[in-house]
Amino acid sequence: MKAEAITMSDAEFKADFPSETIQEGKVRVIVPRLEAFKKQPADYAPSKAPVFYNPVMELNRDVSVLAFQAYQRLVGREISICDPLTGSGIRGVRFAAEIHDVKRIVVSDIDKRSFNLAQQNVHSNGLQDLVTVEHKDANCLLSCHGAPRKRFDIVDVDPFGSPVPYLDSAVRALRNKGLLAATATDLAPLCGVHVKACVRKYGGKPLRTDYCHELAVRLLAGCITKIAAKQDIGVHIVFSHSSDHYIRVYAQIGYGAKKADASVKNLGYVVHCFNCFHREPEKMFSARFLEKCPECGSKMDWAGPLWLGKIFDPQFCEKMAQENKRTAFRNSVRISKLLSRVKDEAEAPATYYVIDKISNKLSSPVPSVAAMLKILRDNGFGAVPTHFNSRGVRTNAPALAVQNLLKAVVSS
Ligand SMILES: C[S@@+](CC[C@H](N)C(=O)[O-])C[C@H]1O[C@@H](n2cnc3c(N)ncnc32)[C@H](O)[C@@H]1O
Ligand SMILES: [Zn+2]
């Protein structure tokens with residue numbers, strides 16, 4: 001259903017709820033005035049407002065602009081983008097105003113008030129020739145774009161909660177070598193608080209470890225891999241991050257059964273010892289499954305199936321960092337730190353140790369991250385910080401070596 005075009009200015013437009021005009025990136029958009037919907041201090045106003053808008057997600061949208069611009073530069077042609085869960089339209093409007101060489105954007109929302117507001121925001125920014133606003137269920141919209149020549153270069157799935165209900169149609173709506181971006185805010189399942197919900201939604205078991213946010217990214221990436229593989233499509237994870245209350249994965253897809261087979265080989269488990277914190281990856285179809293910890297002999301627990309492959313592509317991250325230097329986002333400094341951390345950890349081993357957790361286990365004082373990195377490197381191990389946790393260290397040192405070096409650093 002397409003509604004009539006709205007041509008009102010911001011001053012003329014009257015939302016039937018308290019609203020205000022804000023500036024984000026290069027655009028000015030009308031959004032709900034969140035204070036008006038906060039009845040108690042603990043209320044989560046974005047989901048109480050009649051149209052969803054969350055100012056905390058500005059960083060998510062900024063990073064998306066950078067990632068999509070990086071993608072466009074790498075493919076070197078005009079691109080099309082779909083934002084099928086658009087809310088106020090802010091995401092699609094920003095993509096249209098801020099990304100170079102975009103030929104077409106489709107934004108849509110099932111909610112009528114969101115659709116109306118998104119239309120207004122597209123028009124008030126003068127972007128109606130570039131952005132089409134639809135009032136459709138996301139899966140219907142994406143399925144209608146699942147045929148050759150109708151597909152998009154990029155689909156951005158940014159729901160409230162889990163993106164899984166939309167992933168199948170999102171993958172089908174992507175052309176070969178297209179980019180899927182997906183946000184997940186359901187961290188309680190993904191980080192192991194609600195195990196059954198995670199197994200149900202993502203087809204993998206989570207684990208409440210110190211590195212559960214990385215496992216969350218790997219569970220979502222694994223879920224995308226399985227969904228794509230069913231359609232003979234492979235995936236390459238070019239970027240991912242865990243920020244604020246969500247995780248986000250950027251997966252470039254590639255058509256072909258061989259690519260799908262190669263991707264499936266990256267699926268597996270992380271086995272973990274809750275006694276000494278030893279952990280190791282296990283490929284999905286490997287014959288062995290570690291039951292006892294090789295370091296301390298305790299029983300191992302596990303997470304998965306999940307994605308064991310790379311979760312950042314250094315070349316893609318570098319392109320994003322170059323784009324970030326050209327922008328003046330409110331979050332540019334934070335993004336620059338995020339990208340430089342990610343560049344360092346791109347080639348480092350999967351999973352990280354949180355120093356405080358080991359100190360707690362050893363009932364020892366807590367050393368600084370810098371001191372731990374130094375002692376690990378001085379002892380011949382690789383060691384880098386991680387964006388996932390400001391107290392985390394990625395290293396190839398075995399768990400008992402990490403414990404011993406921590407003891408040494410605090411007693412020196
Ligand atoms: C988290 S909000 C989107 C926020 C937006 N992407 C942004 O950056 O501000 C999720 C939106 O999805 C819409 N929605 C929920 N279920 C939908 C469905 N099945 N099809 C289309 N839109 C849907 C909701 O109305 C809501 O506006
Ligand atoms: Zn152990």
# chains A, B, ... in the order shown; residues from 1 in each chain; ligands from 1
>>> select_by_dssp(residues="region 59-113 of chain A", states="strand (DSSP E or B)", output="PyMOL selection string")
chain A and resi 79-83+102-108
>>> residues_near_ligand(ligand="ligand 2", cutoff="12 Å", atoms="only C-alpha atoms and all ligand atoms", output="list in words")
Val271, His272, Cys273, Phe274, Asn275, Cys276, Phe277, His278, Arg279, Glu280, Leu290, Glu291, Lys292, Cys293, Pro294, Glu295, Cys296, Gly297, Ser298, Lys299, Met300, Asp301, Pro398, Ala399, Leu400, Ala401 and Gln403 of chain A
>>> closest_residue(among="A:Ile233, A:Val199, A:Leu338, A:Leu66", to="Ala262 (chain A)", atoms="only C-alpha atoms")
A:Ile233
>>> residues_near_ligand(ligand="ligand 1", cutoff="9 Å", atoms="only C-alpha atoms and all ligand atoms", output="ChimeraX atom specification")
/A:46-47,50-55,57-58,60-61,83-92,108-115,135-141,156-161,165-166,185
>>> closest_residue(among="A:Leu405, A:Ser359, A:Ala97, A:Leu376", to="Arg391 (chain A)", atoms="only C-alpha atoms")
A:Ser359
>>> closest_residue(among="A:Ile105, A:Leu167, A:Val133, A:Val63", to="Lys319 (chain A)", atoms="only C-alpha atoms")
A:Val63
>>> atom_distance(atom1="CA of Phe381 (chain A)", atom2="CA of Ala397 (chain A)")
5.8 Å
>>> atom_distance(atom1="CA of Asp356 (chain A)", atom2="CA of Ala371 (chain A)")
13.0 Å
>>> select_by_dssp(residues="region 140-294 of chain A", states="helix (DSSP H, G or I)", output="MDAnalysis selection string")
chainID A and resid 140:144 164:172 187:190 195:202 212:229 257:264
>>> closest_residue(among="A:Lys259, A:Lys361, A:Arg172, A:Arg326", to="Val65 (chain A)", atoms="only C-alpha atoms")
A:Arg326
>>> atom_distance(atom1="CA of Gly203 (chain A)", atom2="CA of Leu219 (chain A)")
8.1 Å
>>> closest_residue(among="A:Lys14, A:Ala42, A:Ala229, A:Gly254", to="Lys177 (chain A)", atoms="only C-alpha atoms")
A:Gly254
>>> residues_around(residues="region 222-228 of chain A", least_positions_apart="2", cutoff="7 Å", atoms="only C-alpha atoms", output="short mmCIF file (atom, residue, chain, number, x, y, z; two decimals) with N, CA, C and O atoms, in the first residue's frame")
data_model
loop_
_atom_site.label_atom_id
_atom_site.label_comp_id
_atom_site.auth_asym_id
_atom_site.auth_seq_id
_atom_site.Cartn_x
_atom_site.Cartn_y
_atom_site.Cartn_z
N LEU A 167 15.78 -12.50 8.51
CA LEU A 167 17.05 -12.79 7.84
C LEU A 167 16.88 -13.59 6.55
O LEU A 167 17.59 -13.36 5.57
N ASP A 168 15.96 -14.53 6.55
CA ASP A 168 15.78 -15.36 5.36
C ASP A 168 15.39 -14.48 4.16
O ASP A 168 16.01 -14.54 3.10
N VAL A 171 18.28 -12.06 3.06
CA VAL A 171 19.33 -12.68 2.24
C VAL A 171 18.82 -12.85 0.80
O VAL A 171 19.54 -12.58 -0.16
N TYR A 202 18.35 -18.63 17.39
CA TYR A 202 19.61 -18.57 16.64
C TYR A 202 20.15 -19.95 16.29
O TYR A 202 21.13 -20.06 15.57
N GLY A 203 19.53 -21.01 16.83
CA GLY A 203 19.99 -22.36 16.52
C GLY A 203 21.34 -22.67 17.12
O GLY A 203 22.08 -23.51 16.60
N ARG A 218 29.10 -14.08 17.26
CA ARG A 218 29.35 -15.33 16.54
C ARG A 218 28.08 -16.17 16.38
O ARG A 218 27.91 -16.89 15.39
N LEU A 219 27.18 -16.09 17.36
CA LEU A 219 25.90 -16.81 17.23
C LEU A 219 25.05 -16.19 16.12
O LEU A 219 24.45 -16.91 15.31
N LEU A 220 25.01 -14.85 16.07
CA LEU A 220 24.25 -14.19 15.00
C LEU A 220 24.90 -14.48 13.64
O LEU A 220 24.20 -14.81 12.66
N LYS A 230 21.43 -22.48 3.10
CA LYS A 230 20.27 -23.22 2.57
C LYS A 230 19.95 -22.77 1.16
O LYS A 230 19.31 -23.49 0.40
N GLN A 231 20.35 -21.55 0.83
CA GLN A 231 20.07 -21.03 -0.52
C GLN A 231 21.32 -21.01 -1.39
O GLN A 231 21.40 -20.26 -2.36
N ASP A 232 22.32 -21.86 -1.00
CA ASP A 232 23.58 -21.93 -1.75
C ASP A 232 24.28 -20.57 -1.79
O ASP A 232 24.78 -20.14 -2.83
N ILE A 233 24.28 -19.91 -0.66
CA ILE A 233 24.93 -18.60 -0.56
C ILE A 233 25.95 -18.65 0.58
O ILE A 233 25.65 -19.17 1.66
N GLY A 234 27.15 -18.14 0.30
CA GLY A 234 28.18 -18.09 1.33
C GLY A 234 28.24 -16.70 1.96
O GLY A 234 27.68 -15.74 1.43
N VAL A 235 28.91 -16.59 3.10
CA VAL A 235 29.03 -15.29 3.77
C VAL A 235 30.48 -14.98 4.15
O VAL A 235 31.27 -15.89 4.39
N SER A 263 31.70 -21.55 3.77
CA SER A 263 31.20 -20.82 4.95
C SER A 263 30.81 -21.78 6.06
O SER A 263 31.11 -21.55 7.23
N VAL A 264 30.13 -22.86 5.66
CA VAL A 264 29.67 -23.84 6.66
C VAL A 264 30.86 -24.44 7.42
O VAL A 264 30.75 -24.75 8.61
N LEU A 267 31.67 -23.03 10.78
CA LEU A 267 30.77 -23.22 11.92
C LEU A 267 31.37 -24.20 12.92
O LEU A 267 32.12 -25.10 12.54
N LEU A 306 28.18 -22.00 16.22
CA LEU A 306 28.33 -20.57 15.96
C LEU A 306 29.43 -20.37 14.92
O LEU A 306 30.08 -21.33 14.50
N TRP A 307 29.64 -19.12 14.54
CA TRP A 307 30.65 -18.77 13.52
C TRP A 307 32.03 -18.70 14.18
O TRP A 307 32.23 -17.92 15.13
#
>>> residues_around(residues="Asp313 (chain A)", least_positions_apart="4", cutoff="8 Å", atoms="only C-alpha atoms", output="PyMOL selection string")
chain A and resi 237-239+317+346
>>> write_last_selection(atoms="all heavy atoms", output="mmCIF file, in the first residue's frame")
data_model
loop_
_atom_site.group_PDB
_atom_site.id
_atom_site.type_symbol
_atom_site.label_atom_id
_atom_site.label_comp_id
_atom_site.auth_asym_id
_atom_site.auth_seq_id
_atom_site.Cartn_x
_atom_site.Cartn_y
_atom_site.Cartn_z
ATOM 1 N N ILE A 237 32.162 -12.245 6.836
ATOM 2 C CA ILE A 237 31.834 -11.222 7.844
ATOM 3 C C ILE A 237 32.874 -10.107 7.712
ATOM 4 O O ILE A 237 34.055 -10.319 8.008
ATOM 5 C CB ILE A 237 31.838 -11.805 9.283
ATOM 6 C CG1 ILE A 237 30.985 -13.082 9.365
ATOM 7 C CG2 ILE A 237 31.366 -10.749 10.295
ATOM 8 C CD1 ILE A 237 29.533 -12.936 9.024
ATOM 9 N N VAL A 238 32.432 -8.939 7.267
ATOM 10 C CA VAL A 238 33.397 -7.862 7.024
ATOM 11 C C VAL A 238 33.595 -6.970 8.249
ATOM 12 O O VAL A 238 34.644 -6.358 8.425
ATOM 13 C CB VAL A 238 33.018 -7.008 5.788
ATOM 14 C CG1 VAL A 238 33.184 -7.819 4.513
ATOM 15 C CG2 VAL A 238 31.616 -6.438 5.895
ATOM 16 N N PHE A 239 32.558 -6.903 9.096
ATOM 17 C CA PHE A 239 32.669 -6.049 10.282
ATOM 18 C C PHE A 239 31.617 -6.468 11.294
ATOM 19 O O PHE A 239 30.556 -7.002 10.921
ATOM 20 C CB PHE A 239 32.456 -4.569 9.888
ATOM 21 C CG PHE A 239 32.709 -3.608 11.014
ATOM 22 C CD1 PHE A 239 33.987 -3.444 11.525
ATOM 23 C CD2 PHE A 239 31.675 -2.884 11.593
ATOM 24 C CE1 PHE A 239 34.226 -2.580 12.587
ATOM 25 C CE2 PHE A 239 31.900 -2.011 12.643
ATOM 26 C CZ PHE A 239 33.184 -1.857 13.137
ATOM 27 N N CYS A 317 37.713 -2.613 7.439
ATOM 28 C CA CYS A 317 37.840 -1.715 8.605
ATOM 29 C C CYS A 317 38.672 -0.490 8.250
ATOM 30 O O CYS A 317 38.363 0.625 8.676
ATOM 31 C CB CYS A 317 38.497 -2.438 9.779
ATOM 32 S SG CYS A 317 37.543 -3.822 10.382
ATOM 33 N N ALA A 346 41.535 -7.808 14.646
ATOM 34 C CA ALA A 346 41.035 -8.545 13.475
ATOM 35 C C ALA A 346 41.768 -9.864 13.258
ATOM 36 O O ALA A 346 41.166 -10.869 12.879
ATOM 37 C CB ALA A 346 41.126 -7.671 12.230
#
>>> residues_around(residues="Gln23 (chain A)", least_positions_apart="5", cutoff="12 Å", atoms="only C-alpha atoms", output="list in words")
Arg28, Val29, Ile30, Val31, Pro55, Glu58, Ile90, Val93, Arg94, Asn121, Asn125, Phe329 and Arg330 of chain A
>>> closest_residue(among="A:Gly146, A:Pro206, A:Gly309, A:Gly256", to="Ala170 (chain A)", atoms="only C-alpha atoms")
A:Gly146
>>> residues_around(residues="Glu35 (chain A)", least_positions_apart="2", cutoff="10 Å", atoms="only C-alpha atoms", output="PDB file with C-alpha atoms, in the first residue's frame")
ATOM      1  CA  PRO A  18       4.403  15.007  21.110  1.00  0.00           C
ATOM      2  CA  SER A  19       7.299  15.455  18.702  1.00  0.00           C
ATOM      3  CA  PRO A  32       8.835  11.663  19.120  1.00  0.00           C
ATOM      4  CA  ARG A  33       9.677  13.902  22.102  1.00  0.00           C
ATOM      5  CA  PHE A  37       6.481   9.217  26.993  1.00  0.00           C
ATOM      6  CA  LYS A  38       8.523   8.589  30.106  1.00  0.00           C
ATOM      7  CA  LYS A  39       6.063   8.062  32.953  1.00  0.00           C
ATOM      8  CA  ALA A  45      10.934   5.735  26.313  1.00  0.00           C
ATOM      9  CA  PRO A  46      11.843   4.688  22.710  1.00  0.00           C
ATOM     10  CA  ALA A  49       6.544   6.355  21.968  1.00  0.00           C
TER      11      ALA A  49
END
